[in-house]
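Take a look at the structure set out below.
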Amino acid sequence: MARSTEKRSATRSLTALVAILIGLAAITAGLAQWGGGQYTPRLGLDLEGGTEIVLEPVLVGGQTVTAGQINQAVDIIRQRIDANGVAEAEISTLGGNNIVVSIPGTPTPEQLDAIRKPSQLRFRAVFVQTANAPSTAPAPQPSAPAPSVTGKASGTPGSPTATPTATRTAANAPVPSALRAATSSPTATGPTPTAPSLTAPAVAPQTQDTAADEKAIAAQASESLVGLGWDKKKADAAAATVARQFVALDCSVPGTLNKIVDDPALPLATCSDDNTSKFVLGPVEIDGSEIADASSGFQAGPNGQPTSVVEVRLSFNAAGAKKFAQVTERLYALQDQPPRDQFAVVLDKSVITAPRAQAVITNGQASITGNFTIDSAKQLAQQLKFGALPLSFQLQTQNDITPQLGQEQLGLGLLAGLIGMILVVIYSLFQYRALAFVTVLSLVVAAVMTYLAVTILGTTHGFRLTMAGVTGLIVAIGVTADSFIVYFERIRDEVREGRPLVAAVETGWKRAKRTIIAADAVNFIAAIVLYLLASANVRGFAFTLGLTTIIDLVVVMLFTHPTVQLLARTEFFGNGHKWSGLDPVRLGAKVSPRYRGAGQFGTGPRPATRTAAPAPGLHSADGRGQA
């Protein structure tokens with residue numbers, strides 16, 4: 001019964017391995033067909049070449065650049081690039097002011113913007129919101145709903161939870177995203193809406209009376225500033241200035257945002273990120289520096305399962321969470337005065353969302369949702385997480401660069417790997433005879449799995465294979481061969497002790513498994529340390545070393561051991577054929593296993609050559625013959 005269980009276990013392991021390989025192949029094909037991937041690994045800067053960009057700081061007036069600012073900018077840019085995967089870009093300074101970034105492949109304009117943008121995130125209250133036009137004024141009748149911040153209580157008595165929701169009911173809503181609470185801890189106060197009641201910001205028709213427009217907008221802005229505690233005279237002056245800017249603002253004109261002066265202490269006239277709406281916003285109430293963390297992904301539904309909604313999750317620090325609670329409390333009380341109940345999230349002078357407050361969120365956990373894709377949400381989260389650059393940078397030059405090593409060096413590296421694999425096979429054949437074919441097949445399985453994994457990671461995580469990475473793959477051949485040797489030697493030790501092969505395989509595996517796991521754990525820890533502490537090419541070596549270490553464990557457990565389990569039940573291996581590599585006589589076993597068929601084995605005395613004993617009888621006293 002035990003032997004039958006072991007056979008079923010081996011079959012299940014091999015089936016699981018086949019399923020993994022099919023799954024990896026299917027993912028590779030799917031990404032190549034529909035996900036912008038390819039059937040070959042992506043190559044790094046030294047093998048494929050790429051793009052070199054020179055970033056020049058934008059200086060205003062008599063502003064100067066310090067070495068500390070440049071070094072800080074280099075560190076942040078490196079973090080942003082490395083966050084996209086192990087692309088192994090090269091970043092350096094030029095002339096003490098400029099930053100040179102060498103990136104594999106050809107970056108898109110969006111990727112270049114993500115590298116050099118300062119990414120100033122600020123939160124401002126909305127005073128006025130209209131559709132984009134050079135001259136508009138607020139009107140009392142709403143026409144489109146705005147996103148909202150809401151809270152809905154749920155959970156056990158005495159421990160309320162908040163699950164804020166946001167709903168857009170019009171396709172032409174000005175801003176397509178929403179800010180809401182992101183966790184289910186006690187975060188919201190106020191009544192629980194059964195169906196969020198959305199009221200749109202005021203959007204007025206165009207008018208030719210510019211003076212009247214300015215007067216109406218100034219009055220509404222002044223009233224809002226006074227509500228924030230401003231002196232009436234100071235509020236009137238600031239409101240008159242921002243009203244003139246708002247009326248003259250045309251978001252459809254390219255470069256409009258570049259002319260806007262973003263003073264955090266004053267009201268701001270600006271545009272939405274899609275240039276379809278424009279706003280009068282209040283002074284900054286929460287700064288992006290008060291964000292503790294940012295991440296992206298699919299939003300969880302009521303049952304905890306991910307939905308199709310992509311979100312950027314924000315976590316405020318203690319100071320930011322306190323301010324956020326005060327802001328949502330004030331805005332929640334203005335629900336009958338839209339758009340003054342809205343709170344704009346401003347990224348680089350552009351409003352990315354302006355949700356309504358329908359709850360008081362006190363735990364500092366929020367999320368931004370809207371027309372995000374996985375890539376755009378990830379890019380935004382990375383910009384927010386890694387903070388703002390100390391300076392704004394403009395693109396000075398962009399040039400294509402040739403591979404530093406090229407295909408010839410890649411071919412030599414692969415040839416070195418092939419030679420290493422052939423040497424391992426030759427050694428295995430000499431040492432383990434037919435058992436060496438298990439080693440060969442295990443190496444082939446490991447190579448296929450590594451190839452598919454590297455190809456998939458190139459698409460999903462930006463991994464690029466450099467010569468350092470190729471070196472890591474070559475080293476992995478030795479790591480994988482070590483695992484086989486440890487296992488096979490344990491089996492041979494058990495055979496020497498006189499155990500039948502089936503028992504020797506199981507006992508040897510129990511002892512070898514601990515050694516293999518310990519050795520791979522050491523390799524994996526070394527890879528992690530190298531990856532975290534090193535940069536550039538060393539990270540590529542560490543990444544491939546860690547990846548192949550994991551694959552080694554998978555192959556040994558799901559292929560090598562199950563295969564040997566099944567082979568041990570055959571007559572060729574089970575009866576210790578001299579070419580099997582498990583010949584008891586050749587190994588010096590104490591007893592010899594005997595194959596009985598159908599996977600059954602017994603033992604018998606080890607064959608030995610002995611001198612025949614004299615036949616019994618009488619001998620002469622001098623030993624010359626029988627009596």
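Order determines the names: the first chain of the structure tokens is A, the second B, and so forth; residues in each chain are numbered 1 upward, and ligands are numbered 1 upward as they are shown.
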Fill in: Residues within 8 Å of Leu55 in chain A, only C-alpha atoms, excluding chain neighbours under 3 positions, as a ChimeraX atom specification
/A:98-101,116,393-397
Filtered DSSP result for range 317-356 of chain A, state alpha helix (DSSP H), as an mmCIF file with all heavy atoms, in the first residue's frame:
data_model
loop_
_atom_site.group_PDB
_atom_site.id
_atom_site.type_symbol
_atom_site.label_atom_id
_atom_site.label_comp_id
_atom_site.auth_asym_id
_atom_site.auth_seq_id
_atom_site.Cartn_x
_atom_site.Cartn_y
_atom_site.Cartn_z
ATOM 1 N N ALA A 318 0.437 60.470 9.859
ATOM 2 C CA ALA A 318 -0.428 60.921 10.957
ATOM 3 C C ALA A 318 -0.916 62.350 10.745
ATOM 4 O O ALA A 318 -2.110 62.650 10.911
ATOM 5 C CB ALA A 318 0.318 60.799 12.283
ATOM 6 N N ALA A 319 -0.005 63.241 10.340
ATOM 7 C CA ALA A 319 -0.397 64.642 10.127
ATOM 8 C C ALA A 319 -1.370 64.760 8.953
ATOM 9 O O ALA A 319 -2.369 65.491 9.023
ATOM 10 C CB ALA A 319 0.845 65.497 9.890
ATOM 11 N N GLY A 320 -1.093 64.040 7.880
ATOM 12 C CA GLY A 320 -1.976 64.100 6.718
ATOM 13 C C GLY A 320 -3.346 63.524 7.011
ATOM 14 O O GLY A 320 -4.369 64.042 6.538
ATOM 15 N N ALA A 321 -3.389 62.416 7.770
ATOM 16 C CA ALA A 321 -4.674 61.808 8.111
ATOM 17 C C ALA A 321 -5.533 62.755 8.942
ATOM 18 O O ALA A 321 -6.763 62.840 8.759
ATOM 19 C CB ALA A 321 -4.440 60.501 8.866
ATOM 20 N N LYS A 322 -4.898 63.493 9.845
ATOM 21 C CA LYS A 322 -5.645 64.449 10.664
ATOM 22 C C LYS A 322 -6.214 65.576 9.810
ATOM 23 O O LYS A 322 -7.381 65.957 9.948
ATOM 24 C CB LYS A 322 -4.717 65.009 11.749
ATOM 25 C CG LYS A 322 -5.398 65.964 12.708
ATOM 26 C CD LYS A 322 -4.435 66.428 13.792
ATOM 27 C CE LYS A 322 -5.120 67.393 14.765
ATOM 28 N NZ LYS A 322 -4.181 67.853 15.812
ATOM 29 N N LYS A 323 -5.396 66.100 8.900
ATOM 30 C CA LYS A 323 -5.872 67.155 8.011
ATOM 31 C C LYS A 323 -6.982 66.643 7.092
ATOM 32 O O LYS A 323 -7.975 67.336 6.842
ATOM 33 C CB LYS A 323 -4.720 67.702 7.173
ATOM 34 C CG LYS A 323 -3.646 68.429 7.961
ATOM 35 C CD LYS A 323 -2.528 68.885 7.039
ATOM 36 C CE LYS A 323 -1.401 69.553 7.810
ATOM 37 N NZ LYS A 323 -0.285 69.967 6.921
ATOM 38 N N PHE A 324 -6.817 65.417 6.594
ATOM 39 C CA PHE A 324 -7.802 64.849 5.688
ATOM 40 C C PHE A 324 -9.151 64.692 6.380
ATOM 41 O O PHE A 324 -10.216 64.928 5.785
ATOM 42 C CB PHE A 324 -7.298 63.503 5.171
ATOM 43 C CG PHE A 324 -8.101 62.942 4.048
ATOM 44 C CD1 PHE A 324 -8.159 63.584 2.827
ATOM 45 C CD2 PHE A 324 -8.800 61.758 4.204
ATOM 46 C CE1 PHE A 324 -8.892 63.057 1.777
ATOM 47 C CE2 PHE A 324 -9.542 61.224 3.164
ATOM 48 C CZ PHE A 324 -9.585 61.879 1.950
ATOM 49 N N ALA A 325 -9.128 64.298 7.633
ATOM 50 C CA ALA A 325 -10.371 64.168 8.394
ATOM 51 C C ALA A 325 -11.052 65.521 8.564
ATOM 52 O O ALA A 325 -12.278 65.647 8.427
ATOM 53 C CB ALA A 325 -10.079 63.540 9.755
ATOM 54 N N GLN A 326 -10.263 66.572 8.852
ATOM 55 C CA GLN A 326 -10.840 67.912 9.017
ATOM 56 C C GLN A 326 -11.433 68.421 7.704
ATOM 57 O O GLN A 326 -12.517 69.032 7.701
ATOM 58 C CB GLN A 326 -9.758 68.869 9.524
ATOM 59 C CG GLN A 326 -9.247 68.541 10.921
ATOM 60 C CD GLN A 326 -8.050 69.388 11.316
ATOM 61 O OE1 GLN A 326 -7.441 70.074 10.479
ATOM 62 N NE2 GLN A 326 -7.676 69.333 12.593
ATOM 63 N N VAL A 327 -10.737 68.164 6.602
ATOM 64 C CA VAL A 327 -11.220 68.635 5.302
ATOM 65 C C VAL A 327 -12.518 67.933 4.928
ATOM 66 O O VAL A 327 -13.499 68.577 4.518
ATOM 67 C CB VAL A 327 -10.147 68.414 4.218
ATOM 68 C CG1 VAL A 327 -10.728 68.663 2.837
ATOM 69 C CG2 VAL A 327 -8.968 69.339 4.452
ATOM 70 N N THR A 328 -12.561 66.608 5.047
ATOM 71 C CA THR A 328 -13.781 65.890 4.675
ATOM 72 C C THR A 328 -14.947 66.249 5.595
ATOM 73 O O THR A 328 -16.099 66.264 5.164
ATOM 74 C CB THR A 328 -13.535 64.374 4.711
ATOM 75 O OG1 THR A 328 -12.987 63.995 5.984
ATOM 76 C CG2 THR A 328 -12.570 63.951 3.615
ATOM 77 N N GLU A 329 -14.652 66.562 6.838
ATOM 78 C CA GLU A 329 -15.724 66.991 7.746
ATOM 79 C C GLU A 329 -16.321 68.319 7.289
ATOM 80 O O GLU A 329 -17.540 68.512 7.304
ATOM 81 C CB GLU A 329 -15.176 67.105 9.169
ATOM 82 C CG GLU A 329 -16.232 67.510 10.197
ATOM 83 C CD GLU A 329 -15.666 67.587 11.601
ATOM 84 O OE1 GLU A 329 -14.430 67.511 11.751
ATOM 85 O OE2 GLU A 329 -16.472 67.728 12.544
ATOM 86 N N ARG A 330 -15.459 69.260 6.890
ATOM 87 C CA ARG A 330 -15.955 70.560 6.426
ATOM 88 C C ARG A 330 -16.723 70.429 5.108
ATOM 89 O O ARG A 330 -17.791 71.010 4.942
ATOM 90 C CB ARG A 330 -14.778 71.524 6.256
ATOM 91 C CG ARG A 330 -15.228 72.958 5.942
ATOM 92 C CD ARG A 330 -14.064 73.870 5.619
ATOM 93 N NE ARG A 330 -13.579 73.674 4.256
ATOM 94 C CZ ARG A 330 -12.368 73.221 3.946
ATOM 95 N NH1 ARG A 330 -11.516 72.903 4.903
ATOM 96 N NH2 ARG A 330 -12.008 73.060 2.690
ATOM 97 N N LEU A 331 -16.173 69.654 4.189
ATOM 98 C CA LEU A 331 -16.822 69.524 2.888
ATOM 99 C C LEU A 331 -18.133 68.762 2.985
ATOM 100 O O LEU A 331 -19.081 69.037 2.240
ATOM 101 C CB LEU A 331 -15.881 68.817 1.904
ATOM 102 C CG LEU A 331 -14.562 69.538 1.585
ATOM 103 C CD1 LEU A 331 -13.753 68.730 0.586
ATOM 104 C CD2 LEU A 331 -14.831 70.933 1.043
ATOM 105 N N TYR A 332 -18.204 67.803 3.901
ATOM 106 C CA TYR A 332 -19.436 67.027 4.058
ATOM 107 C C TYR A 332 -20.599 67.933 4.476
ATOM 108 O O TYR A 332 -21.755 67.697 4.090
ATOM 109 C CB TYR A 332 -19.210 65.933 5.094
ATOM 110 C CG TYR A 332 -20.435 65.099 5.358
ATOM 111 C CD1 TYR A 332 -20.866 64.172 4.423
ATOM 112 C CD2 TYR A 332 -21.149 65.242 6.542
ATOM 113 C CE1 TYR A 332 -21.997 63.408 4.659
ATOM 114 C CE2 TYR A 332 -22.273 64.479 6.790
ATOM 115 C CZ TYR A 332 -22.699 63.559 5.841
ATOM 116 O OH TYR A 332 -23.818 62.806 6.087
#
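When CA of Ala503 in chain A is paired with CA of Leu435 in chain A, their separation reads 16.9 Å.
One distance worth recording is that between CA of Ala377 in chain A and CA of Asn275 in chain A, which is 19.3 Å.
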Worksheet item: Can you tell me, as a list in words, what residues are no more than 12 Å from Thr507 in chain A when counting only C-alpha atoms, ignoring any on the same chain fewer than 6 positions away?
Response: Tyr487, Phe488, Glu489, Arg490, Ile491, Arg492, Asp493, Glu494, Val495, Glu497, Arg499, Pro500, Leu501, Lys513, Arg514, His561 and Gln565 of chain A
Worksheet entry | A:Gly96, A:Gly458, A:Gly581, A:Pro283 ranked by distance to Ala568 in chain A, top pick (using only C-alpha atoms) |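 Under the stated criterion, the closest residue is A:Gly581.
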Worksheet entry | Coordinates-based distance that separates CA of Pro41 in chain A from CA of Ala416 in chain A (Å, one decimal) | 18.3 Å
